[in-house]
file target31.cif (mmCIF, C-alpha atoms)
data_structure
#
loop_
_atom_site.label_atom_id
_atom_site.label_comp_id
_atom_site.auth_asym_id
_atom_site.auth_seq_id
_atom_site.Cartn_x
_atom_site.Cartn_y
_atom_site.Cartn_z
CA MET A 1 6.39 7.46 -7.97
CA GLU A 2 9.21 6.57 -5.65
CA ALA A 3 12.88 7.19 -6.24
CA LYS A 4 15.20 4.24 -6.59
CA PRO A 5 17.81 3.46 -3.96
CA ILE A 6 21.38 4.23 -4.90
CA THR A 7 24.02 1.69 -4.02
CA VAL A 8 27.71 2.47 -4.24
CA ARG A 9 30.04 -0.43 -5.00
CA ALA A 10 33.31 1.47 -5.22
CA ILE A 11 34.73 4.94 -4.79
CA SER A 12 37.98 6.21 -6.21
CA ALA A 13 40.89 7.17 -4.00
CA GLU A 14 40.52 10.65 -5.46
CA ALA A 15 36.88 10.90 -4.39
CA PHE A 16 37.84 9.78 -0.90
CA TYR A 17 40.65 12.33 -0.81
CA THR A 18 38.45 15.16 -2.09
CA ALA A 19 35.56 14.43 0.26
CA TYR A 20 37.43 13.66 3.48
CA GLY A 21 41.00 14.85 2.92
CA ARG A 22 40.45 17.99 4.95
CA GLN A 23 38.74 16.28 7.88
CA LEU A 24 41.42 13.59 8.06
CA GLY A 25 44.22 16.07 7.36
CA LEU A 26 45.42 13.98 4.41
CA LYS A 27 48.46 15.05 2.44
CA LEU A 28 49.32 13.31 -0.80
CA GLU A 29 52.95 12.18 -0.62
CA ALA A 30 53.34 9.92 -3.66
CA GLY A 31 51.53 7.84 -6.27
CA GLU A 32 49.40 10.66 -7.64
CA ALA A 33 49.07 8.80 -10.95
CA GLY A 34 46.98 6.14 -9.19
CA LEU A 35 44.26 8.40 -7.79
CA ASP A 36 41.72 6.64 -9.98
CA ARG A 37 42.19 3.39 -8.05
CA LYS A 38 39.01 2.07 -6.51
CA ILE A 39 38.22 1.45 -2.85
CA ARG A 40 35.77 -1.47 -2.86
CA GLU A 41 35.04 -2.04 0.81
CA ALA A 42 33.69 0.37 3.41
CA THR A 43 36.44 -0.15 5.91
CA VAL A 44 40.18 0.04 6.42
CA ASN A 45 42.90 -2.57 6.84
CA ARG A 46 46.18 -2.59 8.72
CA PRO A 47 48.59 -4.45 6.46
CA GLY A 48 50.97 -5.73 9.15
CA LEU A 49 50.67 -9.38 8.15
CA ALA A 50 50.89 -8.57 4.46
CA LEU A 51 54.09 -6.61 5.00
CA ALA A 52 55.41 -9.61 6.93
CA GLY A 53 54.81 -11.67 3.79
CA PHE A 54 51.52 -13.38 4.69
CA PHE A 55 48.92 -12.67 2.01
CA ARG A 56 46.14 -15.17 2.66
CA TYR A 57 42.91 -13.32 3.41
CA PHE A 58 44.66 -10.04 2.69
CA ALA A 59 41.92 -7.40 2.43
CA TRP A 60 43.62 -5.65 -0.48
CA MET A 61 40.50 -3.78 -1.66
CA ARG A 62 40.40 -1.61 1.45
CA VAL A 63 42.19 1.58 2.41
CA GLN A 64 45.49 0.47 3.97
CA VAL A 65 46.48 2.23 7.19
CA VAL A 66 50.11 2.10 8.19
CA GLY A 67 51.02 3.08 11.75
CA LYS A 68 54.02 2.87 13.99
CA ALA A 69 53.96 -0.92 14.27
CA GLU A 70 54.26 -1.51 10.51
CA THR A 71 56.85 1.22 10.11
CA PHE A 72 59.11 -0.07 12.89
CA TYR A 73 58.73 -3.60 11.62
CA LEU A 74 59.88 -2.56 8.13
CA LYS A 75 62.76 -0.61 9.63
CA SER A 76 63.94 -3.78 11.35
CA LEU A 77 64.45 -5.47 7.99
CA SER A 78 67.50 -5.25 5.74
CA THR A 79 67.23 -2.67 2.94
CA GLY A 80 66.80 -5.26 0.21
CA GLU A 81 64.21 -7.29 2.13
CA ARG A 82 62.31 -4.13 3.01
CA ARG A 83 61.97 -3.07 -0.61
CA ARG A 84 60.89 -6.56 -1.65
CA ARG A 85 58.15 -6.65 1.00
CA ILE A 86 56.85 -3.26 -0.06
CA GLN A 87 56.85 -4.33 -3.72
CA ASP A 88 54.95 -7.53 -2.82
CA PHE A 89 52.44 -5.39 -0.95
CA PHE A 90 51.91 -2.96 -3.85
CA GLN A 91 51.54 -5.81 -6.34
CA ARG A 92 48.26 -6.65 -4.60
CA ARG A 93 46.62 -3.61 -6.21
CA VAL A 94 45.70 -1.83 -2.98
CA PRO A 95 43.63 1.33 -3.62
CA CYS A 96 45.67 3.69 -1.41
CA VAL A 97 47.80 3.82 1.73
CA VAL A 98 47.44 6.23 4.65
CA PHE A 99 50.23 6.80 7.15
CA SER A 100 48.99 7.85 10.57
CA ARG A 101 50.65 10.11 13.20
CA ASN A 102 52.30 12.12 10.41
CA ILE A 103 54.80 9.30 10.05
CA ARG A 104 57.21 10.10 7.24
CA PRO A 105 56.89 7.21 4.81
CA LEU A 106 60.14 5.32 4.27
CA SER A 107 61.90 6.30 1.07
CA GLU A 108 61.31 2.80 -0.38
CA PHE A 109 57.59 3.24 0.27
CA LEU A 110 57.51 6.57 -1.54
CA GLU A 111 59.49 5.28 -4.52
CA GLU A 112 57.48 2.09 -4.90
CA ALA A 113 54.18 3.98 -4.51
CA ASP A 114 55.15 6.10 -7.51
CA ALA A 115 56.40 3.07 -9.41
CA TYR A 116 53.21 1.06 -8.78
CA ARG A 117 50.98 4.13 -9.05
CA VAL A 118 49.36 3.76 -5.62
CA PRO A 119 48.38 7.00 -3.84
CA LEU A 120 50.14 7.44 -0.52
CA PHE A 121 48.77 9.87 2.07
CA ARG A 122 49.91 11.13 5.44
CA SER A 123 47.53 12.09 8.27
CA PRO A 124 48.34 13.81 11.60
CA LEU A 125 45.73 11.63 13.38
CA VAL A 126 46.74 8.87 15.77
CA THR A 127 46.10 5.43 14.26
CA GLY A 128 43.04 4.49 16.36
CA PRO A 129 41.02 7.67 15.78
CA LEU A 130 42.14 7.71 12.14
CA ILE A 131 40.76 4.21 11.62
CA ASN A 132 37.50 5.11 13.39
CA SER A 133 36.95 8.30 11.42
CA ALA A 134 37.91 6.78 8.09
CA THR A 135 35.63 3.79 8.68
CA LEU A 136 32.68 6.05 9.50
CA MET A 137 33.31 8.15 6.42
CA LEU A 138 33.63 5.14 4.15
CA ASP A 139 30.54 3.60 5.72
CA MET A 140 28.63 6.75 4.81
CA GLU A 141 29.96 6.73 1.24
CA PHE A 142 28.95 3.10 0.76
CA ALA A 143 25.64 3.34 2.63
CA PRO A 144 22.47 2.75 0.58
CA LYS A 145 20.86 6.10 -0.19
CA ILE A 146 17.49 7.23 -1.44
CA THR A 147 15.66 10.47 -2.08
CA GLU A 148 12.32 10.62 -0.28
CA HIS A 149 9.48 12.93 -1.12
CA GLY A 150 8.85 14.46 2.28
CA THR A 151 9.69 17.24 4.71
CA MET A 152 12.01 16.49 7.59
CA VAL A 153 11.79 18.28 10.93
CA ASP A 154 13.33 17.87 14.35
CA ILE A 155 10.79 18.09 17.17
CA LEU A 156 12.52 18.15 20.55
CA GLY A 157 15.09 15.66 19.36
CA ILE A 158 12.61 13.42 17.58
CA GLY A 159 13.25 13.29 13.85
CA VAL A 160 9.96 13.32 11.93
CA LEU A 161 9.65 12.79 8.21
CA ILE A 162 6.37 14.31 7.01
CA LYS A 163 5.08 12.64 3.88
CA GLY A 164 1.97 13.12 1.80
CA GLU A 165 0.84 14.05 -1.68
CA SER A 166 1.87 17.38 -3.16
CA GLY A 167 -0.32 20.19 -1.90
CA VAL A 168 -1.55 18.32 1.17
CA GLY A 169 0.20 20.85 3.41
CA LYS A 170 3.59 19.40 4.36
CA SER A 171 5.41 22.71 4.07
CA GLU A 172 2.68 24.67 5.87
CA CYS A 173 2.83 22.11 8.63
CA ALA A 174 6.62 22.44 8.86
CA LEU A 175 6.27 26.21 8.87
CA ALA A 176 3.94 26.07 11.86
CA LEU A 177 6.39 23.73 13.59
CA LEU A 178 9.20 26.23 12.96
CA GLU A 179 7.07 28.91 14.56
CA ARG A 180 6.83 26.71 17.62
CA GLY A 181 10.61 26.70 17.80
CA TYR A 182 11.44 23.38 16.18
CA SER A 183 13.92 23.00 13.38
CA LEU A 184 13.86 22.11 9.72
CA VAL A 185 16.17 19.56 8.15
CA SER A 186 14.80 19.61 4.62
CA ASP A 187 11.67 20.57 2.76
CA ASP A 188 9.94 18.38 0.20
CA VAL A 189 13.06 16.55 -1.01
CA THR A 190 14.93 14.63 1.64
CA ARG A 191 18.06 12.60 1.20
CA VAL A 192 18.12 9.48 3.32
CA TYR A 193 20.92 7.02 3.98
CA VAL A 194 21.36 4.02 6.23
CA LEU A 195 23.77 4.59 9.09
CA ASP A 196 25.49 1.58 10.56
CA GLY A 197 23.00 -0.74 8.88
CA ARG A 198 20.24 0.08 11.36
CA GLU A 199 19.35 3.78 11.45
CA LEU A 200 18.06 6.17 8.81
CA MET A 201 19.69 9.55 8.58
CA ALA A 202 18.01 12.39 6.72
CA SER A 203 19.45 15.57 5.32
CA SER A 204 18.74 18.13 2.65
CA PRO A 205 20.27 18.17 -0.81
CA GLU A 206 23.02 20.78 -0.70
CA GLU A 207 21.39 22.88 -3.42
CA THR A 208 18.09 23.40 -1.63
CA ARG A 209 19.33 23.45 1.95
CA TYR A 210 17.20 25.69 4.24
CA LEU A 211 14.91 26.57 1.35
CA MET A 212 11.23 26.02 1.61
CA GLU A 213 8.49 26.42 -0.92
CA VAL A 214 5.21 27.73 0.41
CA ARG A 215 2.30 28.00 -1.96
CA GLY A 216 1.41 31.64 -2.47
CA LEU A 217 4.66 32.89 -0.97
CA GLY A 218 7.28 31.18 -3.07
CA LEU A 219 10.72 30.30 -1.78
CA ILE A 220 11.53 31.10 1.85
CA ASP A 221 15.05 31.08 3.30
CA VAL A 222 14.36 29.44 6.63
CA CYS A 223 17.79 30.23 8.05
CA ARG A 224 17.34 33.96 7.44
CA VAL A 225 13.68 34.23 8.34
CA PHE A 226 13.71 32.08 11.48
CA GLY A 227 17.36 32.21 12.44
CA VAL A 228 20.12 29.67 12.55
CA GLY A 229 18.44 27.83 15.44
CA ALA A 230 15.62 26.82 13.12
CA ILE A 231 17.75 24.61 10.94
CA ARG A 232 19.51 21.34 11.36
CA ILE A 233 21.87 19.69 8.91
CA GLU A 234 21.13 16.08 9.64
CA LYS A 235 18.77 14.08 11.82
CA ARG A 236 17.87 10.46 12.42
CA ILE A 237 14.34 9.51 11.32
CA ASP A 238 12.39 8.34 14.38
CA LEU A 239 8.89 8.67 12.99
CA VAL A 240 7.19 8.95 9.61
CA VAL A 241 3.95 10.92 9.54
CA THR A 242 1.78 10.72 6.43
CA LEU A 243 -0.72 13.52 5.95
CA GLN A 244 -3.65 12.17 4.00
CA ASP A 245 -7.00 13.11 2.58
CA PRO A 246 -9.48 11.27 4.85
CA HIS A 247 -11.57 10.29 1.82
CA LYS A 248 -8.63 8.34 0.48
CA MET A 249 -7.94 6.57 3.75
CA GLU A 250 -9.14 3.03 4.16
CA ASP A 251 -8.85 3.02 7.88
CA ILE A 252 -8.39 5.80 10.40
CA GLU A 253 -6.64 4.81 13.60
CA ARG A 254 -8.79 5.36 16.67
CA VAL A 255 -6.94 3.57 19.42
CA GLY A 256 -3.30 3.23 18.42
CA MET A 257 -2.67 -0.23 19.84
CA GLU A 258 -0.83 -1.56 16.83
CA GLN A 259 2.38 0.11 15.76
CA GLU A 260 2.44 0.69 12.03
CA PHE A 261 5.73 0.88 10.18
CA HIS A 262 7.02 2.55 7.07
CA GLU A 263 9.96 0.94 5.35
CA ILE A 264 12.79 2.95 3.82
CA LEU A 265 15.87 1.17 2.45
CA GLY A 266 14.88 -1.96 4.33
CA ILE A 267 14.70 -0.20 7.72
CA ARG A 268 11.33 -0.07 9.46
CA VAL A 269 10.36 3.23 11.08
CA PRO A 270 7.23 3.82 13.21
CA HIS A 271 4.52 5.36 11.06
CA VAL A 272 1.29 7.24 11.70
CA CYS A 273 -1.28 8.43 9.19
CA ILE A 274 -3.04 11.70 10.00
CA PRO A 275 -6.23 12.60 8.14
CA VAL A 276 -6.14 16.18 6.94
CA SER A 277 -9.35 18.16 7.07
CA PRO A 278 -9.99 21.91 7.20
CA GLY A 279 -9.53 23.44 10.61
CA ARG A 280 -7.29 20.71 12.00
CA ASP A 281 -4.12 22.05 13.52
CA LEU A 282 -1.73 19.74 11.69
CA ALA A 283 1.40 21.08 13.33
CA ARG A 284 -0.05 20.40 16.75
CA LEU A 285 -1.01 16.87 15.69
CA VAL A 286 2.44 16.13 14.31
CA GLU A 287 3.98 17.56 17.47
CA VAL A 288 1.85 15.29 19.68
CA ALA A 289 2.57 12.30 17.43
CA ALA A 290 6.29 12.95 17.92
CA LEU A 291 5.96 13.27 21.68
CA ASP A 292 3.84 10.11 21.87
CA GLN A 293 6.49 8.32 19.83
CA LYS A 294 9.05 9.44 22.38
CA LEU A 295 6.90 7.95 25.15
CA LYS A 296 6.69 4.70 23.21
CA THR A 297 10.44 4.46 22.78
CA MET A 298 10.69 5.01 26.52
CA GLY A 299 8.46 1.95 26.92
CA HIS A 300 5.08 3.58 27.55
CA ASN A 301 2.25 2.65 25.22
CA THR A 302 -0.80 4.53 26.46
CA ALA A 303 -3.32 2.50 24.46
CA LYS A 304 -1.86 -0.86 25.49
CA GLU A 305 -1.51 0.04 29.15
CA PHE A 306 -5.06 1.35 29.30
CA ASN A 307 -6.40 -1.71 27.52
CA ASN A 308 -4.65 -4.12 29.87
CA ARG A 309 -6.13 -2.30 32.87
CA LEU A 310 -9.58 -2.38 31.27
CA ILE A 311 -9.45 -6.10 30.45
CA ALA A 312 -8.29 -6.91 33.98
CA ARG A 313 -11.14 -4.87 35.42
CA MET A 314 -13.77 -6.53 33.22
CA ARG A 315 -12.41 -9.95 34.19
CA GLY A 316 -12.68 -9.04 37.87
CA GLU A 317 -16.29 -7.92 37.47
CA ALA A 318 -17.29 -11.05 35.56
CA LYS A 319 -16.09 -13.22 38.46
CA LYS A 320 -18.30 -11.44 41.01
CA MET B 1 -36.90 4.45 29.56
CA LYS B 2 -38.03 6.45 26.58
CA PRO B 3 -40.81 5.05 24.39
CA ALA B 4 -39.40 3.17 21.42
CA ALA B 5 -40.80 5.12 18.48
CA SER B 6 -41.96 8.66 19.00
CA GLY B 7 -44.21 8.64 15.91
CA GLY B 8 -45.14 11.70 13.90
CA ASP B 9 -42.12 12.13 11.61
CA GLU B 10 -42.08 9.16 9.25
CA GLN B 11 -38.37 9.64 8.42
CA ARG B 12 -37.10 9.59 11.98
CA ARG B 13 -37.06 6.21 13.55
CA SER B 14 -35.74 5.38 16.96
CA LEU B 15 -35.00 1.70 17.36
CA LYS B 16 -33.58 -0.30 20.23
CA ARG B 17 -31.83 -3.60 20.42
CA GLU B 18 -30.41 -5.54 23.30
CA VAL B 19 -27.11 -7.27 22.68
CA ALA B 20 -24.95 -9.54 24.82
CA VAL B 21 -21.20 -9.33 25.05
CA ILE B 22 -20.07 -12.91 24.38
CA ASN B 23 -16.44 -12.49 23.33
CA LYS B 24 -14.03 -13.49 26.08
CA GLN B 25 -12.22 -10.23 26.63
CA GLY B 26 -15.27 -7.96 26.56
CA ILE B 27 -15.40 -4.53 24.95
CA HIS B 28 -11.75 -3.58 25.14
CA ALA B 29 -9.90 -1.32 22.73
CA ARG B 30 -10.09 -3.42 19.57
CA PRO B 31 -13.83 -4.26 19.72
CA ALA B 32 -14.57 -0.68 20.72
CA ALA B 33 -12.65 0.60 17.70
CA LEU B 34 -14.53 -1.79 15.45
CA PHE B 35 -17.83 -0.65 16.96
CA VAL B 36 -17.22 3.07 16.45
CA LYS B 37 -15.87 2.46 12.95
CA THR B 38 -19.05 0.60 12.04
CA ALA B 39 -21.26 3.15 13.80
CA GLY B 40 -19.45 5.93 11.98
CA LYS B 41 -20.65 4.65 8.61
CA PHE B 42 -24.24 5.56 9.49
CA GLY B 43 -25.90 8.93 9.68
CA CYS B 44 -28.19 8.01 12.54
CA GLU B 45 -27.43 8.82 16.14
CA ILE B 46 -26.29 5.85 18.13
CA VAL B 47 -26.11 5.51 21.88
CA VAL B 48 -25.14 2.54 24.01
CA GLU B 49 -26.47 1.87 27.47
CA LYS B 50 -25.16 -0.30 30.27
CA ASP B 51 -26.95 -0.37 33.64
CA GLY B 52 -28.43 3.08 33.11
CA GLU B 53 -25.15 4.63 31.90
CA VAL B 54 -25.59 6.02 28.40
CA VAL B 55 -22.71 6.84 26.06
CA ASN B 56 -22.38 7.98 22.45
CA GLY B 57 -21.86 4.97 20.18
CA LYS B 58 -19.45 6.91 17.99
CA SER B 59 -17.14 7.76 20.88
CA ILE B 60 -14.44 5.27 21.61
CA ILE B 61 -13.66 6.70 25.04
CA GLY B 62 -17.35 6.46 25.92
CA LEU B 63 -17.56 2.79 24.97
CA LEU B 64 -14.38 1.93 26.82
CA MET B 65 -15.68 3.68 29.91
CA LEU B 66 -18.57 1.22 30.06
CA ALA B 67 -16.09 -1.59 30.76
CA ALA B 68 -18.52 -4.12 29.31
CA GLY B 69 -17.02 -7.51 30.09
CA GLN B 70 -18.13 -10.93 28.91
CA GLY B 71 -21.76 -11.61 29.87
CA THR B 72 -22.77 -7.94 29.97
CA LYS B 73 -26.03 -6.91 28.37
CA LEU B 74 -26.08 -3.64 26.44
CA VAL B 75 -28.90 -1.71 24.84
CA ILE B 76 -28.09 0.03 21.58
CA THR B 77 -30.42 2.79 20.47
CA ALA B 78 -30.25 4.10 16.92
CA ASP B 79 -32.14 7.19 15.90
CA GLY B 80 -32.36 8.24 12.28
CA ARG B 81 -33.01 7.21 8.72
CA ASP B 82 -30.62 4.25 8.59
CA ALA B 83 -31.24 3.12 12.18
CA ASP B 84 -32.44 -0.32 11.17
CA LYS B 85 -29.39 -1.13 9.09
CA ALA B 86 -27.04 0.26 11.72
CA LEU B 87 -28.54 -1.92 14.45
CA THR B 88 -28.31 -5.02 12.27
CA GLU B 89 -24.65 -4.45 11.52
CA LEU B 90 -23.74 -3.53 15.08
CA ALA B 91 -25.57 -6.52 16.55
CA LYS B 92 -23.73 -8.75 14.11
CA LEU B 93 -20.41 -7.56 15.56
CA PHE B 94 -21.46 -8.86 18.97
CA ASP B 95 -22.69 -12.17 17.51
CA ASP B 96 -19.41 -12.56 15.61
CA LYS B 97 -17.51 -11.94 18.87
CA PHE B 98 -15.83 -8.98 17.15
CA ASN B 99 -13.80 -11.52 15.17
CA GLU B 100 -11.99 -12.51 18.35
CA ASP B 101 -11.77 -15.74 20.43
#
call {"tool": "encode", "arguments": {"input": "target31.cif", "output": "structure tokens"}}
result
Amino acid sequence: MEAKPITVRAISAEAFYTAYGRQLGLKLEAGEAGLDRKIREATVNRPGLALAGFFRYFAWMRVQVVGKAETFYLKSLSTGERRRRIQDFFQRRVPCVVFSRNIRPLSEFLEEADAYRVPLFRSPLVTGPLINSATLMLDMEFAPKITEHGTMVDILGIGVLIKGESGVGKSECALALLERGYSLVSDDVTRVYVLDGRELMASSPEETRYLMEVRGLGLIDVCRVFGVGAIRIEKRIDLVVTLQDPHKMEDIERVGMEQEFHEILGIRVPHVCIPVSPGRDLARLVEVAALDQKLKTMGHNTAKEFNNRLIARMRGEAKK
Amino acid sequence: MKPAASGGDEQRRSLKREVAVINKQGIHARPAALFVKTAGKFGCEIVVEKDGEVVNGKSIIGLLMLAAGQGTKLVITADGRDADKALTELAKLFDDKFNED
């Protein structure tokens, strides 16, 4: 039974503030009553044109970032005109406004934000970095997410998600990998989200972070037993390894010419299936699979290269 | 060469069959994988011979080492209870050009 993907269509200004307020150094200046307003797009907008009175294609559903340019423009207007422009802007139901560079919002801005109930924040970050960070954070909030049944490890920089039925030995395998000095991201339950629309990032649910269940031993605190070097908060998935009972496998790979893939949230990740039988050193196999995957991403496919050499040689001999 | 059937034990049968490699690319990785997968289904011992070089028919590296290109003749020897069936299935792979070409 597989978990269903979670898609987020909107987050409230309050949720954004709670989750990222500290990282972005946000301070709420006005419009507290509107914290329930919804951000509906995973990016930010600079409302320069809107403040100049041009509202076609105005991306009102995004977080609005006001920098020096907008502020100086508004200052250049007469008091009455300035207030009117700000009112026009707030009428568009924007979710929230962030002032960069610790710019003190103009008094009209503060008053109208309260009047229209639109949260207004201030951040010490310079506009460019603020936009970049906020976009990344929003992208993560809006990214499709799923919970995968599998154990995630980092082997020399290669993120490996170990899957397989319960009791097949995923945790034991991860334990042996920890002993070899690699690190654990999550055991058994792994949260996965799509980064940037093309990569899968894996992490552990907060509640069970660094915990591992080993049959016969119970719960193990990996961070305390193996040290802080043995854990990792987040890692990209580069390879999926499925541990499987050989009797249930239709086909066991013998050459490795074809790259198999496993799809998570619409992203295809290289996949290998390893038959589990008594006496096989699974950790060693997973380790080699990860290293071979690294070779492949560097452009070396051992099986293909060998086969091309072999075919060329056989062709040469046939001509003789 | 060894005599075909050693006699005595009724259960143990050693059978030989000559096959020709007719698929264009010869016994490269994919045909070799298909061969060992098929050979692996049988309990009998299987060896493959090319010009006096003998390799285990269940070893992919062994088969690849033979570098048996198109036109090569190979001798497959199967030794065991299901030898007959094994040879039939393996020979069929060669006749079917390993589903290539």
call {"tool": "atom_distance", "arguments": {"input": "target31.cif", "atom1": "atom CA of Arg37 of chain A", "atom2": "atom CA of Ser12 of chain A"}}
result
5.4 Å
call {"tool": "residues_around", "arguments": {"input": "target31.cif", "residues": "segment 25-37 of chain B", "least_positions_apart": "3", "cutoff": "7 Å", "atoms": "only C-alpha atoms", "output": "short mmCIF file (atom, residue, chain, number, x, y, z; two decimals) with C-alpha atoms, keeping the file's coordinate frame"}}
result
data_model
loop_
_atom_site.label_atom_id
_atom_site.label_comp_id
_atom_site.auth_asym_id
_atom_site.auth_seq_id
_atom_site.Cartn_x
_atom_site.Cartn_y
_atom_site.Cartn_z
CA ARG A 254 -8.79 5.36 16.67
CA VAL A 255 -6.94 3.57 19.42
CA ASN A 307 -6.40 -1.71 27.52
CA LEU A 310 -9.58 -2.38 31.27
CA ILE A 311 -9.45 -6.10 30.45
CA MET A 314 -13.77 -6.53 33.22
CA VAL B 21 -21.20 -9.33 25.05
CA GLY B 40 -19.45 5.93 11.98
CA LYS B 41 -20.65 4.65 8.61
CA GLY B 57 -21.86 4.97 20.18
CA LYS B 58 -19.45 6.91 17.99
CA SER B 59 -17.14 7.76 20.88
CA ILE B 60 -14.44 5.27 21.61
CA LEU B 63 -17.56 2.79 24.97
CA LEU B 64 -14.38 1.93 26.82
CA ALA B 67 -16.09 -1.59 30.76
CA ALA B 68 -18.52 -4.12 29.31
CA GLY B 69 -17.02 -7.51 30.09
CA GLN B 70 -18.13 -10.93 28.91
CA LEU B 90 -23.74 -3.53 15.08
CA PHE B 98 -15.83 -8.98 17.15
#
call {"tool": "closest_atom_pairs", "arguments": {"input": "target31.cif", "of": "chain A", "to": "chain B", "cutoff": "12 Å", "atoms": "all atoms listed in the file", "output": "tab-separated table"}}
result
residue	atom	partner	partner_atom	distance
A:Glu250	CA	B:Lys37	CA	11.1
A:Asp251	CA	B:Lys37	CA	8.7
A:Ile252	CA	B:Lys37	CA	8.6
A:Glu253	CA	B:Ala33	CA	8.4
A:Arg254	CA	B:Ala33	CA	6.2
A:Val255	CA	B:Ala29	CA	6.6
A:Gly256	CA	B:Ala29	CA	9.1
A:Met257	CA	B:Ala29	CA	7.9
A:Glu258	CA	B:Arg30	CA	9.8
A:Thr302	CA	B:Ala29	CA	11.4
A:Ala303	CA	B:Ala29	CA	7.8
A:Lys304	CA	B:Ala29	CA	8.5
A:Glu305	CA	B:Ala29	CA	10.7
A:Phe306	CA	B:Ala29	CA	8.6
A:Asn307	CA	B:Ala29	CA	5.9
A:Asn308	CA	B:His28	CA	8.5
A:Arg309	CA	B:His28	CA	9.6
A:Leu310	CA	B:Ala67	CA	6.6
A:Ile311	CA	B:Gln25	CA	6.3
A:Ala312	CA	B:Gln25	CA	9.0
A:Arg313	CA	B:Ala67	CA	7.5
A:Met314	CA	B:Gly69	CA	4.6
A:Arg315	CA	B:Gly69	CA	6.6
A:Gly316	CA	B:Gly69	CA	9.0
A:Glu317	CA	B:Gly69	CA	7.4
A:Ala318	CA	B:Gly69	CA	6.5
A:Lys319	CA	B:Gln70	CA	10.0
A:Lys320	CA	B:Gly71	CA	11.7
call {"tool": "atom_distance", "arguments": {"input": "target31.cif", "atom1": "atom CA of Lys4 of chain A", "atom2": "atom CA of Arg40 of chain A"}}
result
21.7 Å
call {"tool": "atom_distance", "arguments": {"input": "target31.cif", "atom1": "atom CA of Ser166 of chain A", "atom2": "atom CA of Arg198 of chain A"}}
result
29.1 Å
call {"tool": "closest_residue", "arguments": {"input": "target31.cif", "among": "A:Gly181, A:Pro5, A:Gly197, A:Gly279", "to": "Ala230 of chain A", "atoms": "all atoms listed in the file"}}
result
A:Gly181
call {"tool": "resolve_selection", "arguments": {"input": "target31.cif", "expression": "the PyMOL selection byres ((chain B and resi 73-83) around 12)", "output": "short mmCIF file (atom, residue, chain, number, x, y, z; two decimals) with C-alpha atoms, keeping the file's coordinate frame"}}
result
data_model
loop_
_atom_site.label_atom_id
_atom_site.label_comp_id
_atom_site.auth_asym_id
_atom_site.auth_seq_id
_atom_site.Cartn_x
_atom_site.Cartn_y
_atom_site.Cartn_z
CA MET B 1 -36.90 4.45 29.56
CA LYS B 2 -38.03 6.45 26.58
CA PRO B 3 -40.81 5.05 24.39
CA ALA B 4 -39.40 3.17 21.42
CA ALA B 5 -40.80 5.12 18.48
CA SER B 6 -41.96 8.66 19.00
CA ASP B 9 -42.12 12.13 11.61
CA GLU B 10 -42.08 9.16 9.25
CA GLN B 11 -38.37 9.64 8.42
CA ARG B 12 -37.10 9.59 11.98
CA ARG B 13 -37.06 6.21 13.55
CA SER B 14 -35.74 5.38 16.96
CA LEU B 15 -35.00 1.70 17.36
CA LYS B 16 -33.58 -0.30 20.23
CA ARG B 17 -31.83 -3.60 20.42
CA GLU B 18 -30.41 -5.54 23.30
CA VAL B 19 -27.11 -7.27 22.68
CA ALA B 20 -24.95 -9.54 24.82
CA VAL B 21 -21.20 -9.33 25.05
CA ILE B 22 -20.07 -12.91 24.38
CA GLY B 26 -15.27 -7.96 26.56
CA ILE B 27 -15.40 -4.53 24.95
CA PHE B 35 -17.83 -0.65 16.96
CA ALA B 39 -21.26 3.15 13.80
CA GLY B 40 -19.45 5.93 11.98
CA LYS B 41 -20.65 4.65 8.61
CA PHE B 42 -24.24 5.56 9.49
CA GLY B 43 -25.90 8.93 9.68
CA CYS B 44 -28.19 8.01 12.54
CA GLU B 45 -27.43 8.82 16.14
CA ILE B 46 -26.29 5.85 18.13
CA VAL B 47 -26.11 5.51 21.88
CA VAL B 48 -25.14 2.54 24.01
CA GLU B 49 -26.47 1.87 27.47
CA LYS B 50 -25.16 -0.30 30.27
CA ASP B 51 -26.95 -0.37 33.64
CA GLY B 52 -28.43 3.08 33.11
CA GLU B 53 -25.15 4.63 31.90
CA VAL B 54 -25.59 6.02 28.40
CA VAL B 55 -22.71 6.84 26.06
CA ASN B 56 -22.38 7.98 22.45
CA GLY B 57 -21.86 4.97 20.18
CA LYS B 58 -19.45 6.91 17.99
CA LEU B 63 -17.56 2.79 24.97
CA LEU B 66 -18.57 1.22 30.06
CA ALA B 67 -16.09 -1.59 30.76
CA ALA B 68 -18.52 -4.12 29.31
CA GLY B 69 -17.02 -7.51 30.09
CA GLN B 70 -18.13 -10.93 28.91
CA GLY B 71 -21.76 -11.61 29.87
CA THR B 72 -22.77 -7.94 29.97
CA ASP B 84 -32.44 -0.32 11.17
CA LYS B 85 -29.39 -1.13 9.09
CA ALA B 86 -27.04 0.26 11.72
CA LEU B 87 -28.54 -1.92 14.45
CA THR B 88 -28.31 -5.02 12.27
CA GLU B 89 -24.65 -4.45 11.52
CA LEU B 90 -23.74 -3.53 15.08
CA ALA B 91 -25.57 -6.52 16.55
CA PHE B 94 -21.46 -8.86 18.97
#
call {"tool": "residues_near_point", "arguments": {"input": "target31.cif", "point": "(41.4, 6.8, -4.9)", "cutoff": "12 Å", "atoms": "all atoms listed in the file", "output": "ChimeraX atom specification"}}
result
/A:10-21,28,31-40,61-64,93-98,117-121
call {"tool": "resolve_selection", "arguments": {"input": "target31.cif", "expression": "the PyMOL selection byres ((chain B and resi 101) around 8)", "output": "ChimeraX atom specification"}}
result
/B:23-24,97,99-100
